[in-house]
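Engineer: Input: one structure, supplied below.
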Amino acid sequence: MAPKQTIYRSQWPEPPLVEMGLYEYLLPAKPSGSPLPHYDPALPAFIDGLDGRVITRAGLADGSLRLATGLQKLGLKKGDTVCIWGLNSLEWVRAAYGAMAAGLTVSPANAAYAPSELAHQINNSGASLLFVQPELVPVFEQARPLIKRAFPDSRVVLLAKERPVSPIRYRIIHDLIHPTRATPASFNGSHSHDTAWLCYSSGTTGLPKGVMTTHHNLVNQLQAVNVAFDMIEHGRDRVLGILPFSHIFGLTILLLLPLTIAVPVVVLPRFEETAFLSTVEKYKITFSCIVPPIIIVLLHSKNVDKYDLSSLNTLMSGAAPLSEEVITKFNKRLPHINLSQGYGLTETSPVSHLSGGQRKGWVGKLIPGYDARLVKEDGEDAEPGERGELWVRGPSVMKGYHDNVEATDKTFAQDPKGRWFMTGDVLVCDPADGWWAVVDRVKELIKYKGFQVPPAELEALLLTHPQVQDVGVIGVYDKDQATELPRAYVVAAPGVFSAADEKAAFEKEVAAWVAERVAPHKRLRGGVDAIDIIPKSPSGKILRKDLRAKAQAERDAAADVKAKL
C-alpha cells in the first residue's frame, strides 16, 4: 500500500490554464489574442532610471518585432538559443522581447561571470548568438578559446544604446532593428511546452544547470501570481527594477509581470545605495523586489534619511530567508514600508508562495496551481505542523534540466497523478491559517553528533547581535570527533575592532553570546571568524561552497604549521 499523502492546496481561486506562447500572451497582435486586459499602447512599459529614456508598450511591441526580423535575417530560427549577458538596461529588455518574438529560447547569464563560467553556459545551452554589454567584451574574448564551436563576430551583438567611441568589430543591437516587422512565433497548444527561457541555477554546488522553463510554465505563473499578488496595481504604482533580469526572480516579477497590468518599471543596472535612494525619490517608486543583503545595507545606511522615500510602500524580499528579527529592525527604521516575503526557486518559475507582509518571518501562502507536500527523511509525509522537505507539482514547475537527464530524474519523485519536484528546502505549514515558513535546506543542514543544526536559524540569531552586520554559517568536519561542527563567518559593524587581539576577543564573545541562547548541539563549536564580506550570489544566496573552501584552506594551513613544529 502506498504511503498516505498529505496534500496542501491554495486558498486562492484557480485561474484558467492557458496554453499559448509567452510573447503573444504579453503583447498580442490584437486585444482578443490574450486573456490579459487591454491597456493604452502609449503607456510607459520601461524607463531608464539613469537617463530617463522610455519604452512605451507600443514601442516595445514594434521594436521587438523588428528585432525579430533582424535576428531571422542572421539565420536564427525558431527554437534556437540566444544568450543575454549584461547588467539590467533598456537594451537588455529589447533583446529579451525581440528574441521571444522570434521564437528563440533565451538563456540569460550572470553579469559577474568569469570567462570559464560564461563559456560553460554558452557550451551547455547551445547558444548561437550572444547579446553582451560592451564593458564585458574583454571577458568574452577570454572565454572565446573555451567555447566548443565557431562563434563568428556576426553572432556577437552589443547591448549599447549608441556605438562605442573606440573602434570595435561588433554590431550594436540597434543595427539589427529591421524596417519590416516579423510575425511573432506561435507556441499554441502542445507547443506551449517548448522551452522559452533557460536560466541557470546559482551553482552553490558544482556547475550551474540549465533550467528548462517553458512558455506554459511562465504564462501560468503569471496567471497565478496575478490572482495572489496585490502589491502593485495599474494606475497607482511604479516599480524599481534593480534585481538582475538574468535571475528568475527579476525575470518574472520585474521583466514580465508588470507588463501584464501596465505598471511601469524603472530600470537600474544593479543595486547601488545612493542610486537606489535617489531613484525612489525622483520617480516616486512605490514597489521594488529586493534580496536580504539589500535590507542589511538599508538598515545600516547613513544616507536613508537624506532622501524622500515616502512613496515607497512595499519591498518584496525573496531568494533567501529573511528573519523575523531583521524585519523588526527594518520596520523600526522605516515603519511606512511594508516588507513582504515570497518563496520559490528557478525550477518553479519562480513563485510558489506569496505574502503581503502580515506575518513576520513567514513566506506566505501557497499560490494557485500548486499541490504541495512536506516529506520527512523517512519518506513519510509530515503531520500538520511538522517540518519536512517541500515537494510541489503544478503548471509552473520546470520541464527539467537541460541536457541532464540524471539530474532531472534525481530531483523528481514519480507519482501516477503527476511527478513531484523535490525542492531540497525544509518548510513548515501552520495548519491554522495556511501560512508557510522556510526552515532550512536539506543539503545544508549541519549534522552534529546526530543532531540537525539549521544554519539559517543560527544566522537569524546572529543578525540580532548588536555588533554583527552579516553572517554565514557552515558545518566543518572534525575527524577527531567524527562529526560536523557549526562555524560562523561574521561581518562586524564598523569600529568594533582594529587590532588582531581585539578581533580574537570579538570572535570569542560572539561564540559565548550564541552559546547562552541555543541548545548545546547548536553552539559554534567550529569557531567564529570575522571577515570583510560574506560571499553571495547575485540573488543574495550565501555561497556556502566558498565558505567551506575558506574553512578547508584554513585547516590545511593550520595542519602545515603543526607539521613543521
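Residues are referred to by chain and number: the chain letter is A, B, ... according to the order shown in the C-alpha cells, the number counts from 1 in that chain, and ligands are numbered separately from 1 in the order shown.
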Which parts of range 164-317 of chain A does DSSP call helix (DSSP H, G or I) when run on the backbone here, written out as a PyMOL selection string?
Structural biologist: chain A and resi 173-176+189-193+215-228+248-260+273-283+292-300+304-306
Engineer: Those residues with C-alpha atoms, as a short mmCIF file (atom, residue, chain, number, x, y, z; two decimals), in the first residue's frame please?
Structural biologist:
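Saved as result.cif:
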data_model
loop_
_atom_site.label_atom_id
_atom_site.label_comp_id
_atom_site.auth_asym_id
_atom_site.auth_seq_id
_atom_site.Cartn_x
_atom_site.Cartn_y
_atom_site.Cartn_z
CA ILE A 173 21.58 45.93 -31.01
CA HIS A 174 20.04 48.83 -32.94
CA ASP A 175 21.86 47.65 -36.07
CA LEU A 176 19.56 44.62 -36.06
CA GLY A 189 -1.40 24.17 -27.68
CA SER A 190 1.22 21.48 -27.14
CA HIS A 191 3.95 23.82 -28.43
CA SER A 192 3.47 25.91 -25.26
CA HIS A 193 5.57 23.22 -23.57
CA HIS A 215 6.01 29.09 -22.26
CA HIS A 216 3.36 27.12 -20.36
CA ASN A 217 5.34 27.48 -17.11
CA LEU A 218 5.68 31.26 -17.33
CA VAL A 219 2.26 32.09 -18.77
CA ASN A 220 0.54 30.14 -16.00
CA GLN A 221 2.93 31.52 -13.39
CA LEU A 222 1.77 34.99 -14.40
CA GLN A 223 -1.85 33.85 -14.38
CA ALA A 224 -1.47 32.54 -10.80
CA VAL A 225 0.61 35.40 -9.43
CA ASN A 226 -1.91 37.95 -10.70
CA VAL A 227 -4.56 36.21 -8.59
CA ALA A 228 -2.47 36.19 -5.40
CA ILE A 248 14.37 34.13 -12.40
CA PHE A 249 13.10 36.41 -9.59
CA GLY A 250 13.93 39.58 -11.52
CA LEU A 251 12.90 38.00 -14.82
CA THR A 252 9.37 37.07 -13.74
CA ILE A 253 8.50 39.79 -11.24
CA LEU A 254 10.22 42.73 -12.99
CA LEU A 255 10.61 41.95 -16.70
CA LEU A 256 7.30 40.14 -17.26
CA LEU A 257 4.70 40.64 -14.51
CA PRO A 258 4.38 44.46 -14.56
CA LEU A 259 3.64 44.38 -18.29
CA THR A 260 0.56 42.21 -17.62
CA GLU A 273 22.80 52.50 -2.35
CA THR A 274 22.64 56.16 -3.38
CA ALA A 275 21.30 55.36 -6.87
CA PHE A 276 18.53 53.29 -5.29
CA LEU A 277 17.58 56.04 -2.84
CA SER A 278 17.72 58.88 -5.37
CA THR A 279 15.69 56.92 -7.94
CA VAL A 280 12.96 56.15 -5.41
CA GLU A 281 12.76 59.88 -4.66
CA LYS A 282 12.92 61.06 -8.30
CA TYR A 283 10.42 58.63 -9.81
CA PRO A 292 18.17 40.22 2.16
CA PRO A 293 21.63 41.82 1.63
CA ILE A 294 19.88 44.98 0.40
CA ILE A 295 17.86 45.10 3.61
CA ILE A 296 21.09 44.86 5.61
CA VAL A 297 22.57 47.78 3.63
CA LEU A 298 19.48 49.94 4.20
CA LEU A 299 19.42 49.06 7.90
CA HIS A 300 22.95 50.37 8.38
CA VAL A 304 18.45 56.86 4.08
CA ASP A 305 17.37 59.98 5.98
CA LYS A 306 18.72 62.24 3.22
#
Engineer: Can you tell me, as JSON, numbers by chain, what residues are no more than 9 Å from Gly70 in chain A when counting only C-alpha atoms, ignoring any on the same chain fewer than 5 positions away?
Structural biologist: {"A": [65, 175, 176, 177, 178, 179, 180, 182]}
Engineer: Pick out the residues sitting within 12 Å of Lys284 in chain A, and hand them over as a list in words; count only C-alpha atoms, and ignore anything fewer than 2 positions along from it in its own chain.
Structural biologist: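 The neighbour list is Gly49, Arg236, Asp237, Arg238, Val239, Leu240, Pro264, Val265, Val266, Phe276, Leu277, Ser278, Thr279, Val280, Glu281, Lys282, Thr286, Phe287, Ser288, Tyr307, Asp308, Leu309, Ser310, Ser311, Leu312 and Asn313 of chain A.
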Engineer: Choose the residue, out of A:Ser89, A:Thr328, A:Phe497, A:Phe229, that has the smallest atom-to-atom separation from Ala460 in chain A; count only C-alpha atoms.
Structural biologist: A:Thr328
Engineer: If we count only C-alpha atoms, what is near range 431-447 of chain A at a cut-off of 6 Å, once residues fewer than 6 positions away on the same chain are taken out, given as a ChimeraX atom specification?
Structural biologist: /A:362-365,384,424-425,453-454,456,475,484
Engineer: Dump N, CA and C atoms for the selected residues as a compact mmCIF listing (two decimals), in the first residue's frame?
Structural biologist:
# COMPACT_ATOMS: atom_id res chain seq x y z
N TRP A 362 7.51 34.74 7.87
CA TRP A 362 6.85 33.69 7.12
C TRP A 362 6.75 34.12 5.65
N VAL A 363 6.82 33.15 4.74
CA VAL A 363 6.89 33.48 3.32
C VAL A 363 5.53 33.55 2.65
N GLY A 364 4.46 33.29 3.39
CA GLY A 364 3.13 33.46 2.83
C GLY A 364 2.41 32.15 2.61
N LYS A 365 1.45 32.21 1.68
CA LYS A 365 0.60 31.06 1.40
C LYS A 365 0.87 30.53 0.00
N PRO A 384 0.47 17.56 10.23
CA PRO A 384 0.21 19.00 10.25
C PRO A 384 0.99 19.71 11.35
N GLY A 424 14.33 20.45 -1.99
CA GLY A 424 15.54 20.50 -1.17
C GLY A 424 15.44 21.48 -0.03
N ASP A 425 14.30 22.16 0.09
CA ASP A 425 14.10 23.12 1.18
C ASP A 425 13.19 22.52 2.24
N VAL A 453 21.36 20.74 12.79
CA VAL A 453 21.54 22.16 13.12
C VAL A 453 21.27 22.98 11.86
N PRO A 454 20.17 23.72 11.81
CA PRO A 454 19.87 24.54 10.63
C PRO A 454 20.72 25.81 10.60
N ALA A 456 20.39 28.47 8.86
CA ALA A 456 19.55 29.68 8.79
C ALA A 456 19.09 30.13 10.17
N GLY A 475 28.94 23.92 8.25
CA GLY A 475 29.46 22.85 9.08
C GLY A 475 30.87 22.51 8.64
N GLU A 484 30.34 16.95 12.23
CA GLU A 484 30.42 18.34 11.78
C GLU A 484 30.26 19.27 12.97
Engineer: At a cut-off of 9 Å, using only C-alpha atoms, what residues contact Trp92 in chain A? Leave out same-chain residues fewer than 6 positions from it and give the result as a list in words.
Structural biologist: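 Contacts, with the query itself left out: Ile84, Trp85, Gly86, Phe131, Val132, Gln133, Leu159 and Phe245 of chain A.
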Engineer: Excluding same-chain residues fewer than 5 positions from Thr408 in chain A, what lies within 10 Å of it counting only C-alpha atoms, as a list in words?
Structural biologist: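 Listed by chain and then number, they are Val211, Met398, Lys399, Gly400, Tyr401, His402, Asp403, Ala413 and Phe421 of chain A.
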Engineer: Please, what distance in Å, to one decimal, runs between CA of Thr411 in chain A and CA of Thr423 in chain A?
Structural biologist: 7.6 Å
Engineer: Any idea what the distance is between CA of Asn124 in chain A and CA of Arg155 in chain A?
Structural biologist: 17.1 Å
Engineer: Would you please work out which residue, of A:Val291, A:Ala114, A:Leu71, A:Leu198, is nearest to Val157 in chain A when using only C-alpha atoms?
Structural biologist: A:Leu71
Engineer: With only C-alpha atoms as the basis for distance, which of A:Ile172, A:Leu158, A:Ala515, A:Val54 is at the shortest distance from Ala42 in chain A?
Structural biologist: A:Val54
Engineer: Return as JSON, numbers by chain the full set of residues in range 30-269 of chain A whose backbone-based DSSP assignment is strand (DSSP E).
Structural biologist: {"A": [44, 45, 46, 47, 48, 54, 55, 56, 81, 82, 83, 84, 85, 105, 106, 107, 108, 109, 129, 130, 131, 132, 156, 157, 158, 171, 172, 195, 196, 197, 198, 199, 200, 210, 211, 212, 213, 214, 239, 240, 241, 265, 266, 267]}
Engineer: Please produce a file of the residues just selected, as a short mmCIF file (atom, residue, chain, number, x, y, z; two decimals), in the first residue's frame, where the atoms kept are N, CA and C atoms.
Structural biologist:
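So selection-v8.cif came out as:
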data_model
loop_
_atom_site.label_atom_id
_atom_site.label_comp_id
_atom_site.auth_asym_id
_atom_site.auth_seq_id
_atom_site.Cartn_x
_atom_site.Cartn_y
_atom_site.Cartn_z
N PRO A 44 3.89 54.02 -20.62
CA PRO A 44 5.29 53.58 -20.48
C PRO A 44 5.36 52.15 -19.95
N ALA A 45 6.26 51.36 -20.51
CA ALA A 45 6.50 50.00 -20.03
C ALA A 45 7.79 49.94 -19.22
N PHE A 46 8.86 50.51 -19.76
CA PHE A 46 10.17 50.52 -19.09
C PHE A 46 10.79 51.90 -19.21
N ILE A 47 11.40 52.36 -18.12
CA ILE A 47 12.03 53.68 -18.05
C ILE A 47 13.46 53.50 -17.58
N ASP A 48 14.41 54.11 -18.27
CA ASP A 48 15.80 54.07 -17.83
C ASP A 48 15.98 55.01 -16.65
N VAL A 54 12.44 56.20 -22.35
CA VAL A 54 11.21 55.47 -22.11
C VAL A 54 10.92 54.53 -23.28
N ILE A 55 10.51 53.31 -22.96
CA ILE A 55 9.94 52.40 -23.95
C ILE A 55 8.47 52.26 -23.63
N THR A 56 7.61 52.69 -24.54
CA THR A 56 6.17 52.53 -24.32
C THR A 56 5.76 51.09 -24.65
N THR A 81 18.82 29.07 -29.56
CA THR A 81 19.06 29.70 -28.25
C THR A 81 19.98 30.90 -28.39
N VAL A 82 19.62 31.99 -27.70
CA VAL A 82 20.48 33.17 -27.61
C VAL A 82 20.81 33.40 -26.14
N CYS A 83 21.99 33.91 -25.89
CA CYS A 83 22.43 34.24 -24.54
C CYS A 83 22.45 35.75 -24.39
N ILE A 84 21.88 36.26 -23.29
CA ILE A 84 21.94 37.69 -22.98
C ILE A 84 22.82 37.85 -21.75
N TRP A 85 23.86 38.67 -21.89
CA TRP A 85 24.86 38.78 -20.82
C TRP A 85 25.16 40.25 -20.55
N THR A 105 14.83 30.56 -27.74
CA THR A 105 15.00 30.31 -26.32
C THR A 105 16.02 31.30 -25.78
N VAL A 106 15.68 31.98 -24.69
CA VAL A 106 16.55 33.00 -24.12
C VAL A 106 17.28 32.41 -22.91
N SER A 107 18.61 32.46 -22.93
CA SER A 107 19.42 31.98 -21.82
C SER A 107 20.19 33.15 -21.22
N PRO A 108 19.69 33.76 -20.15
CA PRO A 108 20.38 34.91 -19.56
C PRO A 108 21.53 34.47 -18.68
N ALA A 109 22.64 35.20 -18.75
CA ALA A 109 23.83 34.84 -17.98
C ALA A 109 24.13 35.91 -16.93
N LEU A 129 24.01 32.87 -30.47
CA LEU A 129 24.20 34.33 -30.56
C LEU A 129 24.32 34.87 -29.15
N LEU A 130 25.19 35.86 -28.99
CA LEU A 130 25.40 36.48 -27.68
C LEU A 130 25.11 37.97 -27.75
N PHE A 131 24.16 38.40 -26.94
CA PHE A 131 23.98 39.83 -26.66
C PHE A 131 24.85 40.14 -25.44
N VAL A 132 25.75 41.13 -25.57
CA VAL A 132 26.71 41.36 -24.49
C VAL A 132 26.86 42.85 -24.20
N VAL A 156 27.76 38.16 -32.35
CA VAL A 156 28.03 38.90 -31.11
C VAL A 156 27.45 40.30 -31.28
N VAL A 157 26.51 40.67 -30.43
CA VAL A 157 25.78 41.94 -30.56
C VAL A 157 25.87 42.70 -29.24
N LEU A 158 26.26 43.96 -29.33
CA LEU A 158 26.46 44.77 -28.12
C LEU A 158 25.14 45.35 -27.61
N ARG A 171 28.57 44.60 -33.95
CA ARG A 171 27.42 45.48 -34.14
C ARG A 171 26.74 45.76 -32.81
N ILE A 172 25.94 46.84 -32.78
CA ILE A 172 25.13 47.10 -31.60
C ILE A 172 23.71 46.64 -31.90
N THR A 195 10.64 25.07 -24.57
CA THR A 195 11.41 25.90 -23.64
C THR A 195 11.44 27.35 -24.12
N ALA A 196 11.06 28.26 -23.24
CA ALA A 196 11.07 29.70 -23.55
C ALA A 196 12.32 30.35 -22.98
N TRP A 197 12.65 30.03 -21.73
CA TRP A 197 13.82 30.60 -21.05
C TRP A 197 14.66 29.48 -20.47
N LEU A 198 15.97 29.67 -20.52
CA LEU A 198 16.91 28.69 -20.00
C LEU A 198 17.82 29.41 -19.01
N CYS A 199 17.29 29.64 -17.80
CA CYS A 199 18.09 30.23 -16.73
C CYS A 199 18.98 29.15 -16.12
N TYR A 200 20.09 29.57 -15.58
CA TYR A 200 21.00 28.62 -14.95
C TYR A 200 20.96 28.79 -13.44
N GLY A 210 21.16 24.20 -16.47
CA GLY A 210 20.16 24.94 -17.22
C GLY A 210 18.77 24.45 -16.88
N VAL A 211 17.91 25.38 -16.45
CA VAL A 211 16.54 25.04 -16.06
C VAL A 211 15.61 25.34 -17.23
N MET A 212 14.99 24.31 -17.77
CA MET A 212 14.11 24.46 -18.93
C MET A 212 12.73 24.97 -18.49
N THR A 213 12.53 26.28 -18.64
CA THR A 213 11.28 26.92 -18.27
C THR A 213 10.47 27.16 -19.54
N THR A 214 9.30 26.58 -19.62
CA THR A 214 8.51 26.62 -20.85
C THR A 214 7.60 27.84 -20.92
N VAL A 239 7.37 50.55 -10.35
CA VAL A 239 8.26 49.51 -9.86
C VAL A 239 9.71 49.89 -10.15
N LEU A 240 10.60 49.63 -9.21
CA LEU A 240 12.03 49.83 -9.43
C LEU A 240 12.68 48.48 -9.71
N GLY A 241 13.30 48.36 -10.88
CA GLY A 241 13.92 47.10 -11.30
C GLY A 241 15.42 47.11 -11.06
N VAL A 265 8.14 50.01 -15.17
CA VAL A 265 9.32 49.56 -14.43
C VAL A 265 10.46 50.53 -14.70
N VAL A 266 11.00 51.13 -13.66
CA VAL A 266 12.17 52.00 -13.77
C VAL A 266 13.40 51.11 -13.58
N VAL A 267 14.27 51.09 -14.58
CA VAL A 267 15.36 50.13 -14.64
C VAL A 267 16.68 50.77 -14.19
#
Engineer: At a cut-off of 9 Å, using only C-alpha atoms, what residues contact Leu87 in chain A? Leave out same-chain residues fewer than 3 positions from it and give the result as a PyMOL selection string.
Structural biologist: chain A and resi 92+110-112+133+244-246+268-270
Engineer: Quick one: distance from CA of Met422 in chain A to CA of Lys410 in chain A in Å, one decimal?
Structural biologist: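 Between these atoms lies a distance of 8.7 Å.
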